[in-house]
$ cat entry_33.txt   # compact mmCIF, C-alpha atoms
# COMPACT_ATOMS: atom_id res chain seq x y z
CA MET A 22 10.00 -32.93 59.12
CA THR A 23 9.17 -30.04 56.82
CA VAL A 24 10.42 -29.43 53.29
CA VAL A 25 12.05 -26.01 53.00
CA ALA A 26 12.92 -24.52 49.63
CA MET A 27 14.68 -21.22 48.93
CA GLN A 28 17.25 -19.68 46.65
CA VAL A 29 20.72 -19.54 48.20
CA ASN A 30 23.50 -17.72 46.36
CA GLY A 31 21.50 -17.89 43.15
CA LYS A 32 20.76 -21.63 43.32
CA GLN A 33 17.45 -23.22 44.19
CA VAL A 34 17.83 -25.52 47.21
CA SER A 35 15.51 -27.60 49.34
CA ALA A 36 15.78 -30.00 52.25
CA ASP A 37 13.74 -31.78 54.88
CA VAL A 38 14.27 -30.06 58.22
CA GLU A 39 12.84 -30.05 61.70
CA PRO A 40 10.46 -27.06 61.96
CA ARG A 41 12.67 -25.59 64.72
CA THR A 42 15.84 -25.56 62.56
CA LEU A 43 17.50 -22.17 62.56
CA LEU A 44 18.49 -20.69 59.22
CA VAL A 45 22.15 -20.67 60.27
CA HIS A 46 22.04 -24.43 60.88
CA PHE A 47 20.19 -25.04 57.61
CA ILE A 48 22.92 -23.10 55.76
CA ARG A 49 25.82 -24.81 57.53
CA GLU A 50 24.53 -28.35 57.98
CA ASN A 51 22.16 -28.92 55.07
CA LEU A 52 23.96 -26.83 52.45
CA GLN A 53 27.52 -27.25 53.76
CA LEU A 54 28.14 -23.49 53.44
CA THR A 55 30.32 -22.98 56.49
CA GLY A 56 31.33 -19.35 55.94
CA THR A 57 28.33 -18.27 58.00
CA HIS A 58 29.45 -18.78 61.59
CA VAL A 59 27.60 -19.65 64.78
CA GLY A 60 29.11 -17.43 67.42
CA CYS A 61 26.70 -16.99 70.28
CA ASP A 62 23.24 -18.44 69.45
CA THR A 63 21.73 -15.36 71.11
CA SER A 64 21.90 -12.84 68.22
CA GLN A 65 24.48 -10.70 69.99
CA CYS A 66 27.69 -11.31 68.00
CA GLY A 67 26.71 -10.93 64.33
CA ALA A 68 28.93 -13.77 63.06
CA CYS A 69 25.89 -15.37 61.41
CA VAL A 70 24.72 -12.39 59.29
CA VAL A 71 23.38 -13.28 55.84
CA HIS A 72 21.13 -11.41 53.45
CA VAL A 73 17.50 -12.50 53.17
CA ASP A 74 15.68 -10.85 50.29
CA GLY A 75 18.43 -8.23 50.18
CA LYS A 76 18.51 -7.29 53.85
CA ALA A 77 21.03 -8.23 56.54
CA VAL A 78 19.60 -10.74 59.00
CA LYS A 79 21.19 -12.59 61.89
CA SER A 80 20.52 -16.12 60.73
CA CYS A 81 20.46 -17.45 64.29
CA THR A 82 17.26 -15.43 64.88
CA ILE A 83 15.19 -16.82 62.04
CA LEU A 84 13.91 -20.30 61.38
CA ALA A 85 14.68 -21.94 58.05
CA VAL A 86 10.94 -22.32 57.45
CA GLN A 87 10.56 -18.53 57.81
CA ALA A 88 13.01 -18.11 54.92
CA ALA A 89 11.10 -20.49 52.66
CA GLY A 90 10.77 -18.95 49.21
CA ALA A 91 13.30 -16.22 50.01
CA LYS A 92 16.50 -15.27 48.24
CA VAL A 93 19.38 -15.82 50.66
CA ARG A 94 22.96 -14.70 50.10
CA THR A 95 25.82 -15.92 52.25
CA ILE A 96 29.45 -14.84 52.29
CA GLU A 97 30.15 -17.60 49.73
CA GLY A 98 27.78 -15.88 47.29
CA LEU A 99 29.24 -12.40 47.61
CA ALA A 100 32.22 -12.79 45.27
CA ASP A 101 31.79 -12.87 41.51
CA GLY A 102 33.43 -16.18 40.66
CA ASP A 103 37.13 -15.81 41.46
CA ARG A 104 36.85 -12.02 41.74
CA LEU A 105 36.40 -10.89 45.33
CA HIS A 106 33.64 -8.46 46.22
CA PRO A 107 35.11 -4.99 46.91
CA LEU A 108 34.48 -5.46 50.63
CA GLN A 109 36.30 -8.78 50.68
CA ALA A 110 39.21 -7.26 48.78
CA ALA A 111 39.30 -4.25 51.12
CA PHE A 112 39.30 -6.43 54.24
CA LYS A 113 42.26 -8.31 52.77
CA GLU A 114 44.12 -5.18 51.68
CA HIS A 115 43.50 -3.16 54.85
CA HIS A 116 44.01 -6.03 57.34
CA GLY A 117 40.39 -5.90 58.48
CA LEU A 118 40.63 -9.34 60.06
CA GLN A 119 42.78 -11.31 62.41
CA CYS A 120 41.35 -14.70 63.31
CA GLY A 121 38.62 -14.26 60.68
CA PHE A 122 35.75 -15.66 62.75
CA CYS A 123 33.69 -12.45 62.70
CA THR A 124 34.72 -11.47 59.18
CA PRO A 125 31.84 -13.04 57.19
CA GLY A 126 29.25 -11.36 59.42
CA MET A 127 31.13 -8.05 59.33
CA ILE A 128 31.33 -8.13 55.54
CA MET A 129 27.67 -9.09 55.09
CA THR A 130 26.61 -6.35 57.53
CA ALA A 131 28.84 -3.85 55.71
CA ALA A 132 27.42 -4.86 52.31
CA ASP A 133 23.92 -4.15 53.56
CA MET A 134 25.05 -0.84 55.06
CA LEU A 135 26.72 0.28 51.83
CA ARG A 136 23.54 -0.56 49.91
CA ARG A 137 21.64 1.82 52.21
CA ILE A 138 24.41 4.36 52.92
CA PRO A 139 26.78 4.42 49.92
CA LYS A 140 29.34 6.86 51.39
CA PRO A 141 29.27 6.47 55.18
CA ASP A 142 31.61 8.35 57.48
CA GLU A 143 33.47 6.62 60.31
CA THR A 144 30.74 7.40 62.83
CA ALA A 145 28.07 5.82 60.63
CA ILE A 146 30.21 2.74 60.00
CA ARG A 147 30.85 2.23 63.70
CA HIS A 148 27.15 2.71 64.48
CA GLU A 149 26.10 0.17 61.82
CA LEU A 150 28.59 -2.39 63.19
CA GLU A 151 27.27 -2.19 66.75
CA GLY A 152 25.62 -5.62 66.42
CA ASN A 153 28.84 -7.30 65.26
CA PHE A 154 31.58 -8.22 67.72
CA CYS A 155 35.23 -8.76 66.99
CA ARG A 156 37.31 -9.96 69.88
CA CYS A 157 40.67 -9.66 68.07
CA THR A 158 40.85 -6.15 66.60
CA GLY A 159 40.14 -2.65 67.78
CA TYR A 160 37.83 -2.23 64.76
CA HIS A 161 40.15 0.44 63.29
CA ASN A 162 41.15 -1.65 60.26
CA ILE A 163 37.61 -2.98 59.82
CA VAL A 164 36.30 0.58 59.60
CA LYS A 165 39.17 1.53 57.29
CA ALA A 166 38.39 -1.43 55.00
CA ILE A 167 34.68 -0.57 54.81
CA LYS A 168 35.48 3.07 54.08
CA ALA A 169 37.91 2.02 51.32
CA ALA A 170 35.35 -0.34 49.80
CA SER A 171 32.73 2.43 49.81
CA GLU A 172 35.05 4.53 47.65
CA VAL A 173 35.26 1.89 44.91
CA MET A 174 31.72 0.55 45.00

$ encode --input "entry_33.txt" --output "structure tokens"
Amino acid sequence: MTVVAMQVNGKQVSADVEPRTLLVHFIRENLQLTGTHVGCDTSQCGACVVHVDGKAVKSCTILAVQAAGAKVRTIEGLADGDRLHPLQAAFKEHHGLQCGFCTPGMIMTAADMLRRIPKPDETAIRHELEGNFCRCTGYHNIVKAIKAASEVM
């Protein structure tokens, strides 16, 4: 076992883990933060996206020990208390979700995109979401929600 310590959603956390523990499993199993989803275990779906030191990362592609000392933000840490993040509010308002399974990864990917590209057009949004799969929607409302959030952020 290895002790892993990092900051998650502004709180210092640590736990004993097997060296092969993926960050997604550390977040879900050790920290009980289940908003980050395990969709494919092959880094193809994007349901597990979190921010590590401010950048979007598929947490099924990184070991927890690789994130030691990092600042990690999950979907649970995006809102400001009871006030939803503009992306979360836009997904709700513009029906950017159906079953909701992909939504945390979509929102975390979009937050990273809007940090880098504050006013993206539809083509840029669709390009940035290429690593995130939604099996329920046609992406139209997801793109609309991200565009709306970009206008208020």

$ residues_around --input "entry_33.txt" --residues "Leu44 (chain A)" --least-positions-apart "6" --cutoff "8 Å" --atoms "all atoms listed in the file" --output "list in words"
Ser80, Cys81, Thr82, Ile83, Leu84, Ala85, Val86 and Ala88 of chain A

$ residues_near_point --input "entry_33.txt" --point "(16.8, -6.3, 51.1)" --cutoff "12 Å" --atoms "all atoms listed in the file" --output "list of chain:residue names"
A:Val71, A:His72, A:Val73, A:Asp74, A:Gly75, A:Lys76, A:Ala77, A:Val78, A:Ala91, A:Lys92, A:Val93, A:Arg94, A:Met129, A:Thr130, A:Ala132, A:Asp133, A:Met134, A:Leu135, A:Arg136, A:Arg137

$ write_last_selection --input "entry_33.txt" --atoms "C-alpha atoms" --output "PDB file, in the frame of the given file"
ATOM      1  CA  VAL A  71      23.380 -13.280  55.840  1.00  0.00           C
ATOM      2  CA  HIS A  72      21.130 -11.410  53.450  1.00  0.00           C
ATOM      3  CA  VAL A  73      17.500 -12.500  53.170  1.00  0.00           C
ATOM      4  CA  ASP A  74      15.680 -10.850  50.290  1.00  0.00           C
ATOM      5  CA  GLY A  75      18.430  -8.230  50.180  1.00  0.00           C
ATOM      6  CA  LYS A  76      18.510  -7.290  53.850  1.00  0.00           C
ATOM      7  CA  ALA A  77      21.030  -8.230  56.540  1.00  0.00           C
ATOM      8  CA  VAL A  78      19.600 -10.740  59.000  1.00  0.00           C
ATOM      9  CA  ALA A  91      13.300 -16.220  50.010  1.00  0.00           C
ATOM     10  CA  LYS A  92      16.500 -15.270  48.240  1.00  0.00           C
ATOM     11  CA  VAL A  93      19.380 -15.820  50.660  1.00  0.00           C
ATOM     12  CA  ARG A  94      22.960 -14.700  50.100  1.00  0.00           C
ATOM     13  CA  MET A 129      27.670  -9.090  55.090  1.00  0.00           C
ATOM     14  CA  THR A 130      26.610  -6.350  57.530  1.00  0.00           C
ATOM     15  CA  ALA A 132      27.420  -4.860  52.310  1.00  0.00           C
ATOM     16  CA  ASP A 133      23.920  -4.150  53.560  1.00  0.00           C
ATOM     17  CA  MET A 134      25.050  -0.840  55.060  1.00  0.00           C
ATOM     18  CA  LEU A 135      26.720   0.280  51.830  1.00  0.00           C
ATOM     19  CA  ARG A 136      23.540  -0.560  49.910  1.00  0.00           C
ATOM     20  CA  ARG A 137      21.640   1.820  52.210  1.00  0.00           C
TER      21      ARG A 137
END

$ residues_around --input "entry_33.txt" --residues "Gly159 (chain A)" --least-positions-apart "5" --cutoff "12 Å" --atoms "all atoms listed in the file" --output "MDAnalysis selection string"
chainID A and resid 116:119 147 154 164:165

$ closest_residue --input "entry_33.txt" --among "A:Lys79, A:Lys140, A:Asn51, A:Glu97" --to "Thr63 (chain A)" --atoms "only C-alpha atoms"
A:Lys79

$ atom_distance --input "entry_33.txt" --atom1 "CA of Val25 (chain A)" --atom2 "CA of Gly56 (chain A)"
20.6 Å

$ closest_residue --input "entry_33.txt" --among "A:Phe47, A:Ser64, A:Thr55, A:Gly98" --to "Gly31 (chain A)" --atoms "only C-alpha atoms"
A:Gly98

$ atom_distance --input "entry_33.txt" --atom1 "CA of Leu108 (chain A)" --atom2 "CA of Ile167 (chain A)"
6.4 Å

$ residues_around --input "entry_33.txt" --residues "Ala170 (chain A)" --least-positions-apart "3" --cutoff "7 Å" --atoms "only C-alpha atoms" --output "PyMOL selection string"
chain A and resi 107-108+111+166-167+173-174

$ closest_residue --input "entry_33.txt" --among "A:Arg156, A:Cys69, A:Pro40, A:Lys168" --to "Asp142 (chain A)" --atoms "only C-alpha atoms"
A:Lys168

$ closest_residue --input "entry_33.txt" --among "A:Val45, A:Pro141, A:Asp62, A:Lys113" --to "Asn162 (chain A)" --atoms "only C-alpha atoms"
A:Lys113

$ axis_aligned_box --input "entry_33.txt" --around "region 75-89 of chain A" --padding-each-side "8 Å" --output "AutoDock Vina command-line options"
--center_x 15.9 --center_y -14.8 --center_z 57.5 --size_x 26.6 --size_y 31.0 --size_z 30.7

$ closest_residue --input "entry_33.txt" --among "A:Ile146, A:Val29, A:Ile138, A:Val59" --to "Thr95 (chain A)" --atoms "only C-alpha atoms"
A:Val29

$ closest_residue --input "entry_33.txt" --among "A:Cys66, A:Ile96, A:Ala36, A:Leu105" --to "Cys123 (chain A)" --atoms "only C-alpha atoms"
A:Cys66

$ atom_distance --input "entry_33.txt" --atom1 "CA of Thr57 (chain A)" --atom2 "CA of Phe122 (chain A)"
9.2 Å
